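Accompanying notes for the structure given below.
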Amino acid sequence: MRISVIGAGAFGTAMAVAAERAGNEVLLWAHDPEVARTIADTHTNPDYLAGITLGENIRATNDLAEIARFSDTLFMVVPSHHFREVLTNIRPHLRGAARVISGTKGIENESLDRMSEITAEVLRDQLAAFATLSGPTFAIETAKGIPSAAVIASRNVEFAQDVQRVMSSPMFRLYHSDDVVGVELAGSLKNVIAIAAGVLEGLGLGYNTNAALITRGLREITRLGIVMGGRLETFAGLAGMGDLVLTCTGALSRNRTVGVQLGQGKTLDEILRDAKFVAEGIKTAKSAQALAERHQIEMPITQEMHRVLYEGESPRAGITRLMTRALKSEVA
């Protein structure tokens with residue numbers, strides 16, 4: 001299959017590598033023309049995925065028209081706050097209906113739309129099928145061929161199975177699902193909990209605290225996800241528990257890294273000024289807090305991270321407030 005991968009950051013490049021390794025031809029779009037030229041000239045992407053050689057069946061471009069001509073299967077791996085704009089810019093170049101895969105883990109702040117909703121709004125009758133891919137997949141490990149597994153979810157089961165078949169390899173295993181809402185929310189909301197896990201590390205707290213945070217974090221993600229239409233088994237699976245554990249414990253997690261810096265005393269402005277990466281959980285904290293309020297769901301960890309990120313609350317005060325909340329049943 002020919003696959004157009006839109007987004008040459010770490011995860012987009014890793015997905016291009018995984019797709020090519022499984023036998024597909026890939027055209028990789030980079031927003032930065034210099035990144036596209038470097039990939040074309042050297043078959044590497046040192047700015048975002050250093051040390052990985054890209055296969056001969058991966059080409060790079062900065063031209064969205066070329067992306068649209070290359071394939072009607074678009075694998076969108078751009079930050080959530082750019083997703084709508086990039087897809088809107090692709091649309092005039094489409095020659096027919098497109099099949100869209102989203103690897104973006106976020107929720108649009110202004111609309112509170114998930115990427116499936118944005119895709120439907122932008123492409124309308126030019127959308128043939130939509131799928132979302134999520135799971136415990138650090139980009140560098142996936143690109144290196146370290147065995148990894150994820151979920152591909154679509155309401156069009158045939159499309160999910162098609163993507164599963166053409167993207168899977170002995171190093172990258174996909175499971176299919178029809179729970180688009182659950183997979184999208186699990187992949188997005190876990191980033192907020194991962195920031196909280198980093199805060200614990202930055203404060204010098206222990207394994208007990210982190211285990212409690214992950215468990216209660218999964219509880220509040222699941223609570224909101226089910227109210228919004230996701231299924232319980234999704235949040236207990238790769239896209240839910242699997243990705244949550246990875247991003248809360250792995251040193252490669254961008255969101256956890258942001259939390260560590262917050263716990264060590266840096267302000268969000270300082271972190272963003274120095275960052276060379278996008279940590280989706282920063283923006284998702286706003287969306288998650290708004291969704292919790294809309295659906296009247298109690299999400300105390302998310303609420304405290306919103307306070308720390310946007311209201312000037314100290315991380316230690318947030319942890320104290322979590323630990324001194326009213327006592328209650330575990331399943332309440």
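Chains: A, B, ... in order of the structure tokens. Residues: from 1 per chain. Ligands: from 1, in order shown.
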Practice problem: Find the spatial neighbours of region 307-310 of chain A, counting only C-alpha atoms, within a cut-off of 8 Å - ignore same-chain residues fewer than 5 positions away - and output them as number ranges by chain. | Solution: A: 268, 282, 315, 318
All residues 6 Å or closer to region 60-74 of chain A, only C-alpha atoms, same chain fewer than 6 positions away omitted, as an mmCIF file with C-alpha atoms, in the first residue's frame:
data_model
loop_
_atom_site.group_PDB
_atom_site.id
_atom_site.type_symbol
_atom_site.label_atom_id
_atom_site.label_comp_id
_atom_site.auth_asym_id
_atom_site.auth_seq_id
_atom_site.Cartn_x
_atom_site.Cartn_y
_atom_site.Cartn_z
ATOM 1 C CA ARG A 2 0.994 3.614 -0.499
ATOM 2 C CA ILE A 3 0.628 5.678 2.688
ATOM 3 C CA SER A 4 1.035 9.438 3.070
ATOM 4 C CA LEU A 27 5.690 9.686 1.519
ATOM 5 C CA LEU A 28 6.472 11.669 4.685
ATOM 6 C CA TRP A 29 5.405 15.310 4.924
ATOM 7 C CA ALA A 30 7.412 17.740 7.042
ATOM 8 C CA PRO A 33 11.265 22.387 4.368
ATOM 9 C CA ALA A 36 12.151 17.398 4.412
ATOM 10 C CA ALA A 40 15.516 13.287 1.316
ATOM 11 C CA ILE A 90 -4.856 19.120 2.181
ATOM 12 C CA HIS A 93 -5.686 18.752 -3.367
ATOM 13 C CA LEU A 94 -7.631 15.505 -2.868
ATOM 14 C CA ALA A 98 -9.674 9.915 1.462
ATOM 15 C CA ARG A 99 -9.138 7.317 4.159
ATOM 16 C CA VAL A 100 -7.675 8.969 7.252
#
Exercise. Check the smallest atom-to-atom distance from each of A:Gly198, A:Gly23, A:Pro92, A:Pro79 to Thr249 (chain A) using only C-alpha atoms, then report the winner.
Key: A:Gly198
Within 9 Å of Val183 (chain A), counting only C-alpha atoms, which residues qualify if same-chain residues fewer than 2 places away don't, as a PDB file with N, CA and C atoms, in the first residue's frame?
ATOM      1  N   THR A 132      -8.211   5.523  14.169  1.00  0.00           N
ATOM      2  CA  THR A 132      -7.246   6.129  15.077  1.00  0.00           C
ATOM      3  C   THR A 132      -6.317   5.048  15.620  1.00  0.00           C
ATOM      4  N   LEU A 133      -5.037   5.365  15.698  1.00  0.00           N
ATOM      5  CA  LEU A 133      -4.027   4.413  16.171  1.00  0.00           C
ATOM      6  C   LEU A 133      -3.442   4.928  17.469  1.00  0.00           C
ATOM      7  N   SER A 134      -3.438   4.088  18.495  1.00  0.00           N
ATOM      8  CA  SER A 134      -2.918   4.503  19.786  1.00  0.00           C
ATOM      9  C   SER A 134      -2.469   3.280  20.577  1.00  0.00           C
ATOM     10  N   GLY A 135      -1.569   3.510  21.514  1.00  0.00           N
ATOM     11  CA  GLY A 135      -1.067   2.425  22.349  1.00  0.00           C
ATOM     12  C   GLY A 135       0.288   2.775  22.926  1.00  0.00           C
ATOM     13  N   VAL A 151      -3.340  -0.283  19.092  1.00  0.00           N
ATOM     14  CA  VAL A 151      -4.714  -0.546  18.657  1.00  0.00           C
ATOM     15  C   VAL A 151      -5.037   0.360  17.480  1.00  0.00           C
ATOM     16  N   ILE A 152      -5.701  -0.184  16.475  1.00  0.00           N
ATOM     17  CA  ILE A 152      -6.248   0.612  15.387  1.00  0.00           C
ATOM     18  C   ILE A 152      -7.764   0.498  15.458  1.00  0.00           C
ATOM     19  N   ALA A 153      -8.435   1.632  15.675  1.00  0.00           N
ATOM     20  CA  ALA A 153      -9.880   1.624  15.891  1.00  0.00           C
ATOM     21  C   ALA A 153     -10.593   2.381  14.782  1.00  0.00           C
ATOM     22  N   SER A 177     -10.144  -2.572  16.620  1.00  0.00           N
ATOM     23  CA  SER A 177     -11.257  -2.254  17.508  1.00  0.00           C
ATOM     24  C   SER A 177     -12.238  -1.371  16.740  1.00  0.00           C
ATOM     25  N   ASP A 179     -13.999   0.866  18.755  1.00  0.00           N
ATOM     26  CA  ASP A 179     -14.252   1.885  19.786  1.00  0.00           C
ATOM     27  C   ASP A 179     -13.367   3.114  19.537  1.00  0.00           C
ATOM     28  N   VAL A 180     -13.752   3.916  18.556  1.00  0.00           N
ATOM     29  CA  VAL A 180     -12.982   5.106  18.207  1.00  0.00           C
ATOM     30  C   VAL A 180     -12.962   6.097  19.371  1.00  0.00           C
ATOM     31  N   VAL A 181     -14.107   6.327  19.981  1.00  0.00           N
ATOM     32  CA  VAL A 181     -14.197   7.292  21.085  1.00  0.00           C
ATOM     33  C   VAL A 181     -13.276   6.877  22.235  1.00  0.00           C
ATOM     34  N   LEU A 185      -9.939   9.011  23.432  1.00  0.00           N
ATOM     35  CA  LEU A 185      -9.911   9.618  24.759  1.00  0.00           C
ATOM     36  C   LEU A 185      -8.810   9.018  25.628  1.00  0.00           C
ATOM     37  N   ALA A 186      -8.635   7.714  25.559  1.00  0.00           N
ATOM     38  CA  ALA A 186      -7.580   7.078  26.355  1.00  0.00           C
ATOM     39  C   ALA A 186      -6.210   7.635  25.970  1.00  0.00           C
ATOM     40  N   GLY A 187      -5.956   7.746  24.662  1.00  0.00           N
ATOM     41  CA  GLY A 187      -4.668   8.238  24.201  1.00  0.00           C
ATOM     42  C   GLY A 187      -4.418   9.687  24.543  1.00  0.00           C
ATOM     43  N   SER A 188      -5.481  10.461  24.653  1.00  0.00           N
ATOM     44  CA  SER A 188      -5.336  11.891  24.947  1.00  0.00           C
ATOM     45  C   SER A 188      -5.243  12.166  26.445  1.00  0.00           C
ATOM     46  N   GLY A 230     -17.144   5.726  25.215  1.00  0.00           N
ATOM     47  CA  GLY A 230     -16.124   4.688  25.129  1.00  0.00           C
ATOM     48  C   GLY A 230     -16.523   3.449  25.910  1.00  0.00           C
ATOM     49  N   THR A 234     -11.732  -0.974  26.540  1.00  0.00           N
ATOM     50  CA  THR A 234     -10.731  -0.152  25.855  1.00  0.00           C
ATOM     51  C   THR A 234      -9.796   0.492  26.865  1.00  0.00           C
ATOM     52  N   PHE A 235     -10.339   0.981  27.965  1.00  0.00           N
ATOM     53  CA  PHE A 235      -9.527   1.661  28.967  1.00  0.00           C
ATOM     54  C   PHE A 235      -8.690   0.675  29.779  1.00  0.00           C
ATOM     55  N   ALA A 239      -4.593   0.826  24.593  1.00  0.00           N
ATOM     56  CA  ALA A 239      -4.752   2.269  24.436  1.00  0.00           C
ATOM     57  C   ALA A 239      -5.007   2.963  25.764  1.00  0.00           C
ATOM     58  N   GLY A 240      -5.535   2.232  26.737  1.00  0.00           N
ATOM     59  CA  GLY A 240      -5.821   2.792  28.046  1.00  0.00           C
ATOM     60  C   GLY A 240      -4.707   2.512  29.034  1.00  0.00           C
TER      61      GLY A 240
END
Quiz item: Looking at A:Thr302, A:Gln264, A:Thr142, A:Thr44, which one is nearest to Leu213 (chain A), with distances taken over only C-alpha atoms?
Solution: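 Using only C-alpha atoms, Leu213 (chain A) sits closest to A:Thr302.
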Quiz item: So, counting only C-alpha atoms, which residue among A:Ala18, A:His176, A:Arg321, A:Ala8 is closest to Pro147 (chain A)?
Solution: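 Of A:Ala18, A:His176, A:Arg321, A:Ala8, the one nearest Pro147 (chain A) is A:Ala18, counting only C-alpha atoms.
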Quiz item: as a VMD selection string, which residues of region 1-219 of chain A does DSSP assign to strand (DSSP E or B)?
Solution: chain A and resid 2 to 6 25 to 29 45 49 58 to 61 73 to 76 98 to 102 127 to 134 148 to 153 169 172 to 177
Output N, CA and C atoms for every residue in that selection, as a compact mmCIF listing (two decimals), in the first residue's frame.
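For reference, selection.txt as written:
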# COMPACT_ATOMS: atom_id res chain seq x y z
N ARG A 2 0.37 2.30 -0.62
CA ARG A 2 0.99 3.61 -0.50
C ARG A 2 0.34 4.36 0.65
N ILE A 3 1.14 4.95 1.53
CA ILE A 3 0.63 5.68 2.69
C ILE A 3 1.31 7.04 2.75
N SER A 4 0.51 8.09 2.85
CA SER A 4 1.03 9.44 3.07
C SER A 4 1.02 9.72 4.57
N VAL A 5 2.20 9.90 5.14
CA VAL A 5 2.30 10.22 6.57
C VAL A 5 2.51 11.72 6.70
N ILE A 6 1.60 12.38 7.38
CA ILE A 6 1.63 13.84 7.50
C ILE A 6 2.11 14.19 8.89
N GLU A 25 4.96 1.62 0.68
CA GLU A 25 5.64 2.81 0.20
C GLU A 25 5.12 4.01 0.97
N VAL A 26 6.02 4.88 1.43
CA VAL A 26 5.62 5.98 2.30
C VAL A 26 6.15 7.30 1.77
N LEU A 27 5.28 8.31 1.75
CA LEU A 27 5.69 9.69 1.52
C LEU A 27 5.45 10.44 2.82
N LEU A 28 6.50 11.03 3.37
CA LEU A 28 6.47 11.67 4.68
C LEU A 28 6.50 13.18 4.52
N TRP A 29 5.47 13.85 5.03
CA TRP A 29 5.41 15.31 4.92
C TRP A 29 5.97 15.97 6.18
N ASN A 45 16.38 11.61 10.12
CA ASN A 45 15.69 12.78 10.65
C ASN A 45 16.33 13.13 11.99
N LEU A 49 14.35 12.23 15.32
CA LEU A 49 14.52 10.80 15.58
C LEU A 49 15.95 10.41 15.24
N ILE A 58 10.89 5.16 1.82
CA ILE A 58 10.37 6.36 2.47
C ILE A 58 10.95 7.58 1.77
N ARG A 59 10.07 8.41 1.20
CA ARG A 59 10.48 9.69 0.62
C ARG A 59 9.90 10.81 1.46
N ALA A 60 10.44 12.01 1.30
CA ALA A 60 9.98 13.14 2.10
C ALA A 60 9.62 14.31 1.20
N THR A 61 8.69 15.13 1.68
CA THR A 61 8.24 16.30 0.94
C THR A 61 7.76 17.37 1.90
N THR A 73 -4.70 7.31 1.31
CA THR A 73 -4.62 6.93 2.72
C THR A 73 -3.71 7.92 3.42
N LEU A 74 -4.29 8.78 4.24
CA LEU A 74 -3.56 9.84 4.92
C LEU A 74 -3.38 9.49 6.39
N PHE A 75 -2.15 9.39 6.83
CA PHE A 75 -1.84 9.08 8.23
C PHE A 75 -1.43 10.39 8.90
N MET A 76 -2.36 10.98 9.63
CA MET A 76 -2.15 12.29 10.25
C MET A 76 -1.45 12.14 11.60
N ALA A 98 -10.90 10.34 0.78
CA ALA A 98 -9.67 9.91 1.46
C ALA A 98 -9.99 9.04 2.66
N ARG A 99 -9.09 8.12 2.93
CA ARG A 99 -9.14 7.32 4.16
C ARG A 99 -8.11 7.92 5.11
N VAL A 100 -8.53 8.26 6.31
CA VAL A 100 -7.67 8.97 7.25
C VAL A 100 -7.39 8.11 8.47
N ILE A 101 -6.11 8.01 8.82
CA ILE A 101 -5.67 7.40 10.07
C ILE A 101 -5.12 8.53 10.93
N SER A 102 -5.52 8.59 12.18
CA SER A 102 -4.99 9.59 13.10
C SER A 102 -4.04 8.94 14.10
N LEU A 127 -14.54 12.19 2.99
CA LEU A 127 -14.01 11.21 3.95
C LEU A 127 -14.59 9.84 3.65
N ALA A 128 -13.74 8.91 3.26
CA ALA A 128 -14.18 7.54 2.97
C ALA A 128 -14.23 6.69 4.23
N ALA A 129 -13.25 6.88 5.12
CA ALA A 129 -13.18 6.10 6.36
C ALA A 129 -12.18 6.78 7.30
N PHE A 130 -12.37 6.56 8.59
CA PHE A 130 -11.47 7.13 9.60
C PHE A 130 -11.06 6.04 10.58
N ALA A 131 -9.80 6.10 11.00
CA ALA A 131 -9.31 5.20 12.05
C ALA A 131 -8.35 5.97 12.94
N THR A 132 -8.21 5.52 14.17
CA THR A 132 -7.25 6.13 15.08
C THR A 132 -6.32 5.05 15.62
N LEU A 133 -5.04 5.37 15.70
CA LEU A 133 -4.03 4.41 16.17
C LEU A 133 -3.44 4.93 17.47
N SER A 134 -3.44 4.09 18.49
CA SER A 134 -2.92 4.50 19.79
C SER A 134 -2.47 3.28 20.58
N SER A 148 6.56 -3.93 19.75
CA SER A 148 5.57 -2.99 20.27
C SER A 148 4.19 -3.39 19.77
N ALA A 149 3.16 -2.97 20.50
CA ALA A 149 1.79 -3.28 20.11
C ALA A 149 0.91 -2.06 20.32
N ALA A 150 -0.10 -1.91 19.48
CA ALA A 150 -1.03 -0.79 19.57
C ALA A 150 -2.39 -1.22 19.06
N VAL A 151 -3.34 -0.28 19.09
CA VAL A 151 -4.71 -0.55 18.66
C VAL A 151 -5.04 0.36 17.48
N ILE A 152 -5.70 -0.18 16.48
CA ILE A 152 -6.25 0.61 15.39
C ILE A 152 -7.76 0.50 15.46
N ALA A 153 -8.43 1.63 15.67
CA ALA A 153 -9.88 1.62 15.89
C ALA A 153 -10.59 2.38 14.78
N SER A 169 3.83 -6.12 11.59
CA SER A 169 5.05 -6.84 11.25
C SER A 169 5.50 -7.61 12.50
N PHE A 172 5.96 -4.93 15.06
CA PHE A 172 4.89 -3.97 15.35
C PHE A 172 3.55 -4.66 15.14
N ARG A 173 2.86 -4.95 16.24
CA ARG A 173 1.62 -5.72 16.18
C ARG A 173 0.43 -4.81 16.47
N LEU A 174 -0.55 -4.82 15.57
CA LEU A 174 -1.76 -4.04 15.76
C LEU A 174 -2.95 -4.94 16.07
N TYR A 175 -3.78 -4.50 17.01
CA TYR A 175 -5.06 -5.12 17.28
C TYR A 175 -6.14 -4.17 16.76
N HIS A 176 -7.24 -4.71 16.23
CA HIS A 176 -8.28 -3.82 15.73
C HIS A 176 -9.43 -3.70 16.72
N SER A 177 -10.14 -2.57 16.62
CA SER A 177 -11.26 -2.25 17.51
C SER A 177 -12.24 -1.37 16.74
Quiz prompt | Gap from CA of Arg273 (chain A) to CA of Ser253 (chain A) - Å, one decimal | solution =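 Answer for the CA of Arg273 (chain A) to CA of Ser253 (chain A) separation: 18.3 Å.
Every protein or nucleic acid residue with an atom no more than 10 Å from Ala279 (chain A), counting only C-alpha atoms and leaving out same-chain residues fewer than 5 positions away, appears here: A:Pro79, A:Lys105, A:Gly106, A:Asn191, A:Val192, A:Ile195, A:Ser253, A:Arg254, A:Asn255, A:Arg256, A:Thr257, A:Val258, A:Leu272, A:Thr284.
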Quiz item: Looking at only C-alpha atoms, which of A:Arg231, A:Ile118, A:Ala332, A:Gly202 is the one that sits closest to Arg219 (chain A)?
Solution: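 Nearest candidate to Arg219 (chain A) out of A:Arg231, A:Ile118, A:Ala332, A:Gly202: A:Ala332.
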Practice problem: Grab the CA of Gly7 (chain A) to CA of Glu20 (chain A) distance for me, in Å with one decimal place. | Solution: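 Those two atoms sit 15.4 Å apart.
Of the listed residues (A:Gly229, A:Gly204, A:Gly96, A:Gly237), A:Gly204 comes nearest to Leu262 (chain A); the distances count only C-alpha atoms.
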Quiz item: If you count only C-alpha atoms, which residues fall within 9 Å of Arg84 (chain A), apart from same-chain ones fewer than 4 positions away, as an NGL selection string?
Solution: :A and (80 or 88-89 or 108 or 115 or 118-119 or 122)
Practice problem: Can you work out the spacing between CA of Ile301 (chain A) and CA of Val245 (chain A) in Å, to one decimal? | Solution: 15.6 Å
Quiz item: Contacts of Ile140 (chain A) at 9 Å or less, counting only C-alpha atoms, minus same-chain residues fewer than 3 places along, as a count of residues only?
Solution: 13
Practice problem: Using DSSP on the backbone, list every residue of region 198-278 of chain A that comes out as helix (DSSP H, G or I), and give them as a count of residues only. | Solution: 60
Quiz item: Between A:Asn210, A:Ala97, A:Gly250, A:Gln289, which one has atoms that come closest to Glu141 (chain A), using only C-alpha atoms?
Solution: A:Gly250
